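Novice: upload.cif (mmCIF, C-alpha atoms) pasted underneath:
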```
data_data
#
loop_
_atom_site.label_atom_id
_atom_site.label_comp_id
_atom_site.auth_asym_id
_atom_site.auth_seq_id
_atom_site.Cartn_x
_atom_site.Cartn_y
_atom_site.Cartn_z
CA MET D 206 42.29 -7.29 7.76
CA SER D 207 44.11 -4.46 5.98
CA LYS D 208 42.46 -1.23 4.87
CA ASP D 209 42.66 -2.44 1.26
CA CYS D 210 40.83 -5.65 2.17
CA GLU D 211 38.11 -3.72 4.00
CA ALA D 212 37.60 -1.48 0.99
CA ILE D 213 37.15 -4.36 -1.43
CA GLN D 214 34.84 -6.54 0.67
CA GLN D 215 31.72 -5.66 -1.38
CA THR D 216 33.72 -6.09 -4.59
CA LEU D 217 34.48 -9.70 -3.61
CA SER D 218 30.77 -10.49 -3.82
CA LEU D 219 30.62 -8.89 -7.29
CA TYR D 220 33.74 -10.78 -8.35
CA LEU D 221 32.21 -14.06 -7.29
CA ASP D 222 29.08 -13.35 -9.34
CA GLY D 223 31.11 -12.40 -12.42
CA GLU D 224 29.90 -8.80 -12.32
CA LEU D 225 33.36 -7.24 -12.42
CA THR D 226 34.99 -6.31 -15.71
CA GLY D 227 37.98 -4.34 -17.04
CA HIS D 228 40.47 -2.75 -14.70
CA ARG D 229 38.34 -3.43 -11.59
CA LEU D 230 38.55 -7.15 -12.32
CA ARG D 231 42.29 -6.95 -13.00
CA ASP D 232 42.90 -4.92 -9.84
CA LEU D 233 40.97 -7.40 -7.72
CA GLN D 234 42.68 -10.40 -9.23
CA GLY D 235 46.01 -8.71 -8.44
CA HIS D 236 44.92 -8.20 -4.86
CA LEU D 237 43.67 -11.77 -4.49
CA ASP D 238 47.01 -13.10 -5.72
CA ARG D 239 48.67 -11.31 -2.83
CA CYS D 240 45.99 -11.56 -0.11
CA GLN D 241 45.24 -14.92 1.47
CA ASN D 242 42.54 -13.41 3.68
CA CYS D 243 40.44 -12.17 0.75
CA GLN D 244 40.95 -15.45 -1.05
CA THR D 245 39.43 -17.17 1.99
CA VAL D 246 36.46 -14.80 1.91
CA VAL D 247 35.81 -15.59 -1.75
CA GLN D 248 36.09 -19.29 -1.05
CA ASP D 249 33.68 -18.96 1.88
CA TYR D 250 31.16 -17.06 -0.22
CA SER D 251 31.41 -19.65 -2.91
CA ARG D 252 31.02 -22.44 -0.38
CA ILE D 253 27.97 -20.72 1.18
CA GLY D 254 26.32 -20.72 -2.24
CA GLN D 255 27.13 -24.36 -2.66
CA LEU D 256 25.71 -25.22 0.77
CA LEU D 257 22.55 -23.29 0.02
CA ARG D 258 22.05 -25.14 -3.27
CA GLU D 259 22.70 -28.46 -1.61
CA GLU D 260 20.25 -27.75 1.17
CA VAL D 261 17.51 -26.60 -1.19
CA ASP D 262 18.15 -29.38 -3.69
CA LEU D 263 17.97 -31.95 -0.95
CA ALA D 264 14.61 -30.62 0.17
CA VAL D 265 13.19 -30.29 -3.35
CA GLU D 266 14.36 -33.76 -4.30
CA ARG D 267 12.19 -35.15 -1.55
CA ILE D 268 9.15 -33.49 -3.09
CA ASP D 269 7.18 -35.62 -5.52
CA LEU D 270 7.16 -33.20 -8.43
CA VAL D 271 4.88 -35.39 -10.55
CA ALA D 272 2.30 -35.41 -7.81
CA LEU D 273 2.79 -31.70 -7.34
CA HIS D 274 2.29 -31.15 -11.05
CA GLU D 275 -0.91 -33.17 -10.98
CA LYS D 276 -2.16 -31.24 -7.98
CA THR D 277 -1.40 -27.95 -9.71
CA ARG D 278 -3.21 -29.10 -12.85
CA GLU D 279 -6.17 -30.25 -10.79
CA ARG D 280 -6.38 -26.95 -8.99
CA LEU D 281 -6.13 -25.12 -12.31
CA ALA D 282 -8.83 -27.32 -13.80
CA ILE D 283 -11.11 -26.70 -10.82
CA ARG D 284 -10.48 -22.98 -11.15
CA LEU D 285 -11.23 -23.18 -14.85
CA ARG D 286 -14.43 -25.13 -14.30
CA ARG D 287 -15.51 -22.42 -11.90
CA THR D 288 -14.75 -19.59 -14.28
CA ALA D 289 -14.90 -21.00 -17.81
CA PRO D 290 -18.33 -22.04 -19.04
CA THR D 291 -19.00 -25.54 -20.41
CA SER D 292 -20.49 -25.81 -23.89
CA ALA D 293 -23.98 -26.16 -22.38
CA GLY D 294 -23.23 -23.35 -20.02
CA LEU D 295 -21.92 -21.29 -22.90
CA ARG D 296 -25.12 -21.88 -24.90
CA GLN D 297 -27.16 -20.90 -21.88
CA ARG D 298 -25.05 -17.81 -21.38
CA ARG D 299 -25.40 -16.79 -25.03
CA LYS D 300 -29.13 -17.37 -24.80
CA ALA D 301 -29.26 -15.20 -21.70
CA GLU D 302 -27.18 -12.54 -23.45
CA LEU D 303 -29.52 -12.63 -26.44
CA TRP D 304 -32.52 -12.33 -24.16
CA VAL D 305 -30.92 -9.33 -22.49
CA VAL D 306 -30.24 -7.71 -25.88
CA LYS D 307 -33.83 -8.34 -27.01
CA ARG D 308 -35.25 -6.93 -23.81
CA ALA D 309 -32.98 -3.92 -24.09
CA ARG D 310 -34.20 -3.27 -27.64
CA ALA D 311 -37.85 -3.66 -26.60
CA TYR D 312 -37.32 -1.25 -23.72
CA ALA D 313 -35.62 1.21 -26.07
CA TRP D 314 -38.63 1.13 -28.43
CA GLN D 315 -41.08 1.48 -25.56
CA LEU D 316 -39.13 4.39 -24.21
CA THR D 317 -39.07 6.08 -27.62
CA TRP D 318 -42.83 5.68 -28.00
CA ALA D 319 -43.51 6.92 -24.50
CA LEU D 320 -41.32 9.96 -25.11
CA GLY D 321 -43.07 10.73 -28.41
CA PHE D 322 -46.47 10.39 -26.82
CA GLY D 323 -45.45 12.58 -23.94
CA ILE D 324 -44.19 15.29 -26.28
CA ALA D 325 -47.43 15.15 -28.32
CA VAL D 326 -49.58 15.43 -25.18
CA ALA D 327 -47.49 18.31 -23.96
CA VAL D 328 -47.88 20.13 -27.30
CA PHE D 329 -51.67 19.58 -27.48
CA TRP D 330 -52.32 20.27 -23.83
CA PHE D 331 -50.02 23.09 -23.02
CA GLY D 332 -49.78 24.73 -26.47
CA PRO D 333 -53.20 26.49 -26.44
CA ARG D 334 -52.73 27.49 -22.83
CA VAL D 335 -49.47 29.07 -23.60
CA TRP D 336 -51.07 30.85 -26.57
CA GLU D 337 -53.97 32.07 -24.44
CA SER D 338 -51.73 33.33 -21.73
CA ARG D 339 -49.82 35.30 -24.35
CA ASP D 340 -53.12 36.88 -25.59
CA GLN D 341 -54.12 37.56 -22.04
CA SER D 342 -50.95 39.36 -21.37
CA ARG D 343 -51.47 41.38 -24.53
CA SER D 344 -55.14 42.26 -23.67
CA SER D 345 -54.17 43.05 -20.11
CA ALA D 346 -51.73 45.54 -21.56
CA SER D 347 -54.47 47.21 -23.65
CA GLY D 348 -56.84 47.03 -20.67
CA GLY D 349 -54.25 48.85 -18.66
CA MET D 350 -54.12 51.63 -21.24
CA ILE D 351 -57.94 51.98 -21.22
CA GLN D 352 -58.00 52.10 -17.46
CA GLU D 353 -55.37 54.77 -17.51
CA GLN D 354 -57.42 56.84 -19.95
CA LEU D 355 -60.51 56.22 -17.85
CA GLY D 356 -58.76 57.43 -14.74
CA ARG D 357 -57.60 60.51 -16.57
CA ALA D 358 -61.16 61.23 -17.83
CA ILE D 359 -62.60 60.80 -14.35
CA ARG D 360 -59.97 63.13 -12.99
CA ASP D 361 -60.82 65.72 -15.70
CA THR D 362 -64.55 65.40 -14.97
CA ALA D 363 -63.96 65.87 -11.28
CA SER D 364 -61.80 68.90 -12.00
CA VAL D 365 -64.49 70.46 -14.26
CA ARG D 366 -67.13 69.80 -11.63
CA PHE D 367 -64.90 71.30 -8.96
CA GLY D 368 -64.34 74.42 -11.14
CA ALA D 369 -68.09 74.69 -11.79
CA LEU D 370 -68.86 74.35 -8.12
CA GLN D 371 -66.36 77.06 -7.28
CA ALA D 372 -67.92 79.38 -9.89
CA SER D 373 -71.39 78.54 -8.63
CA HIS D 374 -70.32 79.23 -5.09
CA ARG D 375 -68.86 82.59 -6.13
CA HIS D 376 -72.04 83.48 -8.00
CA GLN D 377 -74.21 82.53 -5.04
CA GLU D 378 -72.02 84.60 -2.76
CA GLN D 379 -72.38 87.67 -5.06
CA LEU D 380 -76.11 86.96 -5.34
CA GLY D 381 -76.46 86.86 -1.56
CA ARG D 382 -74.57 90.12 -1.26
CA LEU D 383 -76.82 91.76 -3.87
CA ILE D 384 -79.94 90.46 -2.18
CA ARG D 385 -78.67 91.75 1.14
CA ASP D 386 -77.97 95.18 -0.37
CA HIS D 387 -81.34 95.16 -2.08
CA SER D 388 -83.27 94.30 1.12
CA HIS D 389 -81.29 96.92 3.05
CA LEU D 390 -82.26 99.49 0.48
CA SER D 391 -85.89 98.40 0.61
CA ARG D 392 -85.98 98.81 4.43
CA THR D 393 -84.37 102.24 4.39
CA GLN D 394 -86.45 103.56 1.39
CA THR D 395 -88.46 106.80 2.14
CA PRO D 396 -90.76 108.88 -0.18
CA VAL D 397 -88.38 111.91 0.08
CA SER D 398 -85.27 110.14 -0.98
CA GLY D 399 -87.01 108.04 -3.66
CA GLY D 400 -84.91 109.16 -6.75
CA SER D 401 -81.40 108.03 -5.61
CA ASP D 402 -82.74 104.88 -4.02
CA ASP D 403 -84.48 103.92 -7.22
CA LEU D 404 -81.16 104.34 -8.99
CA ALA D 405 -79.36 102.05 -6.52
CA THR D 406 -82.06 99.41 -6.76
CA GLY D 407 -81.83 99.53 -10.54
CA GLU D 408 -78.05 99.05 -10.41
CA ILE D 409 -78.42 96.14 -8.07
CA GLN D 410 -81.02 94.53 -10.24
CA GLU D 411 -78.85 95.12 -13.27
CA GLN D 412 -75.87 93.49 -11.50
CA LEU D 413 -78.18 90.69 -10.43
CA GLY D 414 -79.23 90.10 -14.00
CA LEU D 415 -75.58 90.10 -15.13
CA LEU D 416 -74.70 87.70 -12.39
CA ILE D 417 -77.52 85.34 -13.28
CA ARG D 418 -76.39 85.47 -16.93
CA ASP D 419 -72.80 84.70 -15.97
CA HIS D 420 -73.97 81.91 -13.75
CA ASN D 421 -76.15 80.45 -16.46
CA ARG D 422 -73.30 80.71 -18.97
CA SER D 423 -70.75 79.04 -16.71
CA GLN D 424 -73.35 76.40 -15.88
CA TRP D 425 -73.88 75.82 -19.59
CA ILE D 426 -70.13 75.56 -20.24
CA MET D 427 -69.78 73.20 -17.33
CA ASP D 428 -72.64 71.10 -18.61
CA GLN D 429 -71.04 71.02 -22.05
CA GLN D 430 -67.65 69.93 -20.68
CA SER D 431 -69.22 67.46 -18.33
CA GLY D 432 -71.26 66.01 -21.22
CA GLN D 433 -68.15 65.62 -23.36
CA LEU D 434 -66.27 63.97 -20.52
CA GLN D 435 -69.12 61.66 -19.71
CA GLU D 436 -69.34 60.72 -23.35
CA LYS D 437 -65.60 59.95 -23.34
CA LEU D 438 -65.97 58.06 -20.10
CA GLY D 439 -68.82 56.00 -21.54
CA ARG D 440 -66.70 55.17 -24.59
CA LEU D 441 -63.80 54.05 -22.43
CA ILE D 442 -66.04 51.94 -20.22
CA GLN D 443 -67.48 50.35 -23.35
CA ASP D 444 -63.92 49.58 -24.63
CA GLN D 445 -63.02 48.04 -21.34
CA ALA D 446 -66.13 45.91 -21.33
CA VAL D 447 -65.30 44.72 -24.88
CA ASN D 448 -61.73 43.97 -23.79
CA ARG D 449 -62.92 42.01 -20.78
CA SER D 450 -65.38 40.02 -22.83
CA ASN D 451 -62.55 39.09 -25.25
CA SER D 452 -60.20 37.91 -22.53
CA PRO D 453 -61.05 34.57 -20.85
CA MET V 1206 7.50 -30.58 -30.20
CA ASP V 1207 9.42 -28.37 -27.82
CA TYR V 1208 7.80 -24.96 -27.64
CA SER V 1209 9.57 -21.86 -26.40
CA ASP V 1210 8.32 -20.03 -23.29
CA GLU V 1211 6.94 -17.24 -25.47
CA GLU V 1212 4.90 -19.64 -27.61
CA LEU V 1213 3.57 -21.46 -24.57
CA VAL V 1214 2.63 -18.14 -22.97
CA ARG V 1215 0.84 -17.04 -26.16
CA LEU V 1216 -1.11 -20.31 -26.30
CA SER V 1217 -1.94 -20.05 -22.61
CA GLN V 1218 -3.24 -16.55 -23.19
CA GLN V 1219 -5.63 -18.07 -25.74
CA GLY V 1220 -6.91 -20.43 -23.02
CA ASP V 1221 -4.79 -23.48 -23.82
CA LEU V 1222 -4.44 -25.21 -20.46
CA GLU V 1223 -2.16 -27.86 -21.95
CA ALA V 1224 0.34 -25.20 -22.95
CA PHE V 1225 0.27 -23.72 -19.48
CA GLY V 1226 0.74 -27.25 -18.09
CA ARG V 1227 3.99 -27.41 -20.06
CA LEU V 1228 5.12 -24.17 -18.44
CA VAL V 1229 4.22 -25.56 -15.03
CA GLU V 1230 6.23 -28.67 -15.79
CA ARG V 1231 9.18 -26.61 -16.97
CA TYR V 1232 9.37 -24.25 -14.00
CA GLN V 1233 7.77 -26.21 -11.22
CA LYS V 1234 11.03 -27.41 -9.70
CA LYS V 1235 12.64 -23.99 -9.84
CA VAL V 1236 9.61 -22.25 -8.39
CA THR V 1237 9.38 -24.82 -5.61
CA ALA V 1238 13.09 -24.37 -4.90
CA VAL V 1239 12.67 -20.61 -4.63
CA ALA V 1240 9.65 -21.03 -2.36
CA TYR V 1241 11.52 -23.55 -0.23
CA GLY V 1242 14.61 -21.34 -0.10
CA LEU V 1243 12.50 -18.47 1.18
CA ILE V 1244 10.20 -20.36 3.52
CA HIS V 1245 12.15 -23.50 4.43
CA ASP V 1246 9.08 -25.62 4.78
CA ALA V 1247 8.60 -28.29 2.12
CA GLU V 1248 4.81 -28.53 2.49
CA GLU V 1249 4.32 -24.79 2.44
CA ALA V 1250 6.73 -24.48 -0.46
CA GLN V 1251 4.63 -26.91 -2.53
CA ASP V 1252 1.44 -25.05 -1.73
CA LEU V 1253 3.05 -21.74 -2.54
CA ALA V 1254 4.42 -23.09 -5.82
CA GLN V 1255 0.95 -24.29 -6.81
CA GLU V 1256 -0.59 -21.01 -5.82
CA SER V 1257 2.04 -19.13 -7.83
CA PHE V 1258 1.13 -21.04 -10.99
CA ILE V 1259 -2.58 -20.58 -10.42
CA ARG V 1260 -2.08 -16.86 -9.96
CA ALA V 1261 0.12 -16.77 -13.02
CA TYR V 1262 -2.56 -18.52 -15.08
CA ASN V 1263 -5.25 -16.15 -13.82
CA ALA V 1264 -3.10 -13.19 -14.78
CA ILE V 1265 -1.55 -14.68 -17.92
CA LYS V 1266 -3.51 -12.29 -20.16
CA THR V 1267 -1.87 -9.32 -18.44
CA PHE V 1268 1.62 -10.72 -19.12
CA ARG V 1269 2.96 -8.57 -21.96
CA GLY V 1270 6.18 -10.41 -22.61
CA THR V 1271 8.47 -7.48 -21.82
CA ALA V 1272 10.23 -9.73 -19.29
CA ARG V 1273 10.99 -13.44 -19.44
CA PHE V 1274 8.30 -15.78 -18.16
CA TYR V 1275 10.51 -17.16 -15.39
CA THR V 1276 11.30 -13.72 -13.96
CA TRP V 1277 7.56 -13.08 -13.92
CA ILE V 1278 6.72 -16.34 -12.16
CA TYR V 1279 9.57 -15.81 -9.69
CA ARG V 1280 8.19 -12.41 -8.92
CA ILE V 1281 4.79 -13.91 -8.17
CA THR V 1282 6.44 -16.56 -5.98
CA VAL V 1283 8.58 -14.05 -4.09
CA ASN V 1284 5.54 -11.89 -3.40
CA LEU V 1285 3.50 -14.88 -2.24
CA CYS V 1286 6.32 -16.03 0.02
CA MET V 1287 6.64 -12.52 1.37
CA ASP V 1288 2.93 -12.56 2.30
CA HIS V 1289 3.38 -15.97 3.88
CA PHE V 1290 6.46 -14.80 5.75
CA ARG V 1291 4.64 -11.77 7.14
CA LYS V 1292 1.69 -13.89 8.17
CA GLN V 1293 4.03 -16.27 9.96
CA ALA V 1294 5.86 -13.41 11.63
CA ILE V 1295 2.58 -12.22 13.06
CA GLU V 1296 1.44 -15.70 14.10
CA LYS V 1297 4.54 -16.73 15.95
CA VAL V 1298 7.65 -15.18 17.30
CA GLN V 1299 10.43 -16.51 15.23
CA VAL V 1300 13.08 -18.38 17.12
CA SER V 1301 16.32 -17.53 15.53
CA ALA V 1302 18.39 -20.61 16.03
CA GLU V 1303 21.95 -19.76 15.32
CA PRO V 1304 23.98 -22.93 15.04
CA ALA V 1305 26.94 -20.85 13.99
CA ASP V 1306 27.19 -19.53 17.52
CA ASP V 1307 27.18 -23.05 18.84
CA PRO V 1308 30.48 -23.47 20.65
CA ASP V 1309 30.58 -27.20 19.93
CA PRO V 1310 32.37 -28.03 16.68
CA PRO V 1311 30.73 -30.44 14.19
CA THR V 1312 31.10 -34.13 14.80
CA PRO V 1313 33.75 -35.92 12.74
CA ASP V 1314 31.23 -38.29 11.22
CA THR V 1315 30.72 -37.14 7.59
CA VAL V 1316 27.00 -37.89 7.31
CA ALA V 1317 26.24 -36.38 10.63
CA THR V 1318 28.35 -33.36 9.79
CA ARG V 1319 26.55 -32.88 6.50
CA ARG V 1320 23.19 -33.14 8.21
CA GLU V 1321 24.26 -30.64 10.79
CA THR V 1322 25.63 -28.32 8.15
CA CYS V 1323 22.32 -28.53 6.27
CA LEU V 1324 20.45 -27.66 9.44
CA ALA V 1325 22.85 -24.84 10.17
CA VAL V 1326 22.47 -23.45 6.64
CA ARG V 1327 18.68 -23.66 6.94
CA GLU V 1328 18.68 -21.84 10.25
CA ALA V 1329 21.20 -19.29 9.02
CA ILE V 1330 19.16 -18.46 5.95
CA LYS V 1331 16.03 -18.25 8.05
CA SER V 1332 17.71 -15.74 10.33
CA LEU V 1333 18.36 -13.36 7.43
CA PRO V 1334 15.98 -10.48 6.84
CA TYR V 1335 13.48 -11.40 4.10
CA ASP V 1336 14.85 -8.88 1.57
CA GLN V 1337 18.40 -10.28 1.90
CA ARG V 1338 17.11 -13.84 1.82
CA THR V 1339 15.28 -13.17 -1.45
CA VAL V 1340 18.32 -11.87 -3.30
CA ILE V 1341 20.67 -14.61 -2.10
CA ILE V 1342 18.17 -17.36 -3.01
CA LEU V 1343 17.52 -15.92 -6.46
CA ARG V 1344 21.26 -15.55 -7.02
CA GLU V 1345 22.56 -18.79 -5.55
CA ILE V 1346 19.67 -21.17 -6.18
CA GLU V 1347 18.31 -19.83 -9.46
CA GLY V 1348 21.46 -18.18 -10.74
CA LEU V 1349 19.67 -15.02 -11.83
CA SER V 1350 21.75 -12.05 -12.92
CA TYR V 1351 21.69 -8.84 -10.89
CA LYS V 1352 19.46 -7.27 -13.52
CA GLU V 1353 16.99 -10.13 -13.34
CA ILE V 1354 16.97 -10.08 -9.53
CA ALA V 1355 16.33 -6.33 -9.63
CA ARG V 1356 13.39 -6.93 -11.97
CA VAL V 1357 11.93 -9.77 -9.92
CA VAL V 1358 12.19 -7.99 -6.58
CA GLY V 1359 11.50 -4.53 -7.95
CA ILE V 1360 14.65 -2.83 -6.66
CA SER V 1361 17.71 -1.21 -8.25
CA ILE V 1362 20.84 -3.15 -9.23
CA GLY V 1363 22.82 -1.21 -6.61
CA THR V 1364 20.43 -2.42 -3.91
CA VAL V 1365 20.79 -5.99 -5.21
CA MET V 1366 24.60 -5.67 -4.87
CA SER V 1367 24.48 -4.33 -1.33
CA ARG V 1368 21.85 -6.83 -0.17
CA LEU V 1369 23.84 -9.72 -1.60
CA PHE V 1370 26.98 -8.51 0.12
CA TYR V 1371 25.30 -8.14 3.52
CA ALA V 1372 23.57 -11.51 3.15
CA ARG V 1373 26.87 -13.26 2.33
CA ARG V 1374 28.73 -11.54 5.10
CA ARG V 1375 26.06 -12.47 7.62
CA LEU V 1376 25.92 -16.09 6.42
CA ARG V 1377 29.70 -16.31 6.61
CA GLU V 1378 29.55 -15.14 10.21
CA LEU V 1379 26.79 -17.60 11.08
CA LEU V 1380 28.36 -20.57 9.32
CA LYS V 1381 32.00 -19.91 10.18
CA HIS V 1382 32.41 -23.17 12.15
CA HIS V 1383 30.97 -25.26 9.35
CA LEU V 1384 33.05 -23.49 6.75
CA LYS V 1385 36.16 -24.07 8.78
CA GLY V 1386 35.22 -27.67 9.38
CA GLU V 1387 34.48 -28.45 5.73
CA GLY V 1388 36.65 -26.21 3.65
CA ARG V 1389 39.77 -25.68 5.65
CA GLU V 1390 40.37 -28.83 7.47
#
```
Could I get this file's structure written as structure tokens?
Specialist:
Amino acid sequence: MSKDCEAIQQTLSLYLDGELTGHRLRDLQGHLDRCQNCQTVVQDYSRIGQLLREEVDLAVERIDLVALHEKTRERLAIRLRRTAPTSAGLRQRRKAELWVVKRARAYAWQLTWALGFGIAVAVFWFGPRVWESRDQSRSSASGGMIQEQLGRAIRDTASVRFGALQASHRHQEQLGRLIRDHSHLSRTQTPVSGGSDDLATGEIQEQLGLLIRDHNRSQWIMDQQSGQLQEKLGRLIQDQAVNRSNSP
Amino acid sequence: MDYSDEELVRLSQQGDLEAFGRLVERYQKKVTAVAYGLIHDAEEAQDLAQESFIRAYNAIKTFRGTARFYTWIYRITVNLCMDHFRKQAIEKVQVSAEPADDPDPPTPDTVATRRETCLAVREAIKSLPYDQRTVIILREIEGLSYKEIARVVGISIGTVMSRLFYARRRLRELLKHHLKGEGRE
């Protein structure tokens, strides 16, 4: 086999099948005119096709095609009977479909009613509670303010009382000192030195009187302030009590 | 009235079993030939042909008419035969009888020679790989064009060309004694 023949081997198959056109066909025909070997290949390919057809035809001719057709039709009919509904079956199917549609509609209505009812119950049941809780939160806010004021008032009262106690303590301390001085003077008093001692006793008594006046005044102021604070405290406590009674 | 394939397909798509029966009648022989060419068992070929038509009827509504009906039914048949071939390959080890390698030449008796040639052709085609067997059967038995073969098998035209060439070359090798005996006596 020449190199040319080797190169055109695949083209021989195309030539045989009539797939070559134009210059490729002309070139090959030119080659075939000269090359006996390639002509033989084409003849062999052609003969192979013929043998194949003969072999298959021989086998197919032995098959009873009418019987085969009948069998195919039977199998198709069986398949159809399995899948396609008969008229009675069709009626039954439609009836079933209608029943399904009706049930679906009924369920849809029931669902709608149930939803509506549920919403209504939720509104009537939870609505007031929600409202109350909002009020409660509001009143708790005002209660908080009152308690804050109350705390402040109590703190003020305690501070006033503490101031008063400090003043009272100071006064008592001065009073004790004066009484001590006075008793010391009384023990050391003699008839000879009566004039100067009388003067000292008078001063002490005068200071004592001033001290008692101061004490009484600071006591009065403290009482006044304490009264005002207690009044304020009472008012706040009353407000809180009112607030509590309003809230549930 | 002689309906075209397209009309029969349209009627079949509407559920007309009679119309599909006409299609079966029209293509039954060809489909059986393809199945036989691929399987080389007459009984199996009949079953596969029936199954191909049943599958075609089941899927007839999906057939859009972009291809011809026969290329579609051949495709179904080729795929079914392919499944069958694979199943067989698993079930038994194929004995590749190669009568072409038989050193004894054919007997001079014409009938006997023909019978032997038939047997040799059958064995030769059976020894081909399935993809080559498919293209040569569709080309030689059904006379499909390269384009149609490509569509049926789902390959490119170039692949059809090369598979056909290799199939022919192999068959020529296997059947060389018979070709010599018949053609070039």
Novice: For this structure, which residues satisfy the selection - the PyMOL selection byres ((chain D) within 9 of (chain V)) - when it is evaluated on the file as given? I want them as a VMD selection string.
Specialist: chain D and resid 214 to 219 222 224 246 248 to 250 252 to 262 264 to 268 270 to 271 273 to 274 276 to 278 280 to 282 284
Novice: Have a look at CA of Thr1276 (chain V) and CA of Ala1264 (chain V) and let me know their distance in Å, one decimal.
Specialist: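 Interatomic distance here is 14.4 Å.
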Novice: Write out as a ChimeraX atom specification each polymer residue whose atoms come within 7 Å of Val1357 (chain V), counting all atoms listed in the file; drop sequence neighbours fewer than 4 positions from it.
Specialist: /V:1276-1277,1279-1280,1353
Novice: Using all atoms listed in the file for the distances, tell me which of D:Lys300, D:Arg229, D:Arg343, D:His376 is nearest to Asn421 (chain D).
Specialist: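 Closest to Asn421 (chain D) of all the choices is D:His376.
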Novice: What does the structure give for the distance between CA of Tyr1335 (chain V) and CA of Arg1356 (chain V), in Å to one decimal?
Specialist: 16.7 Å
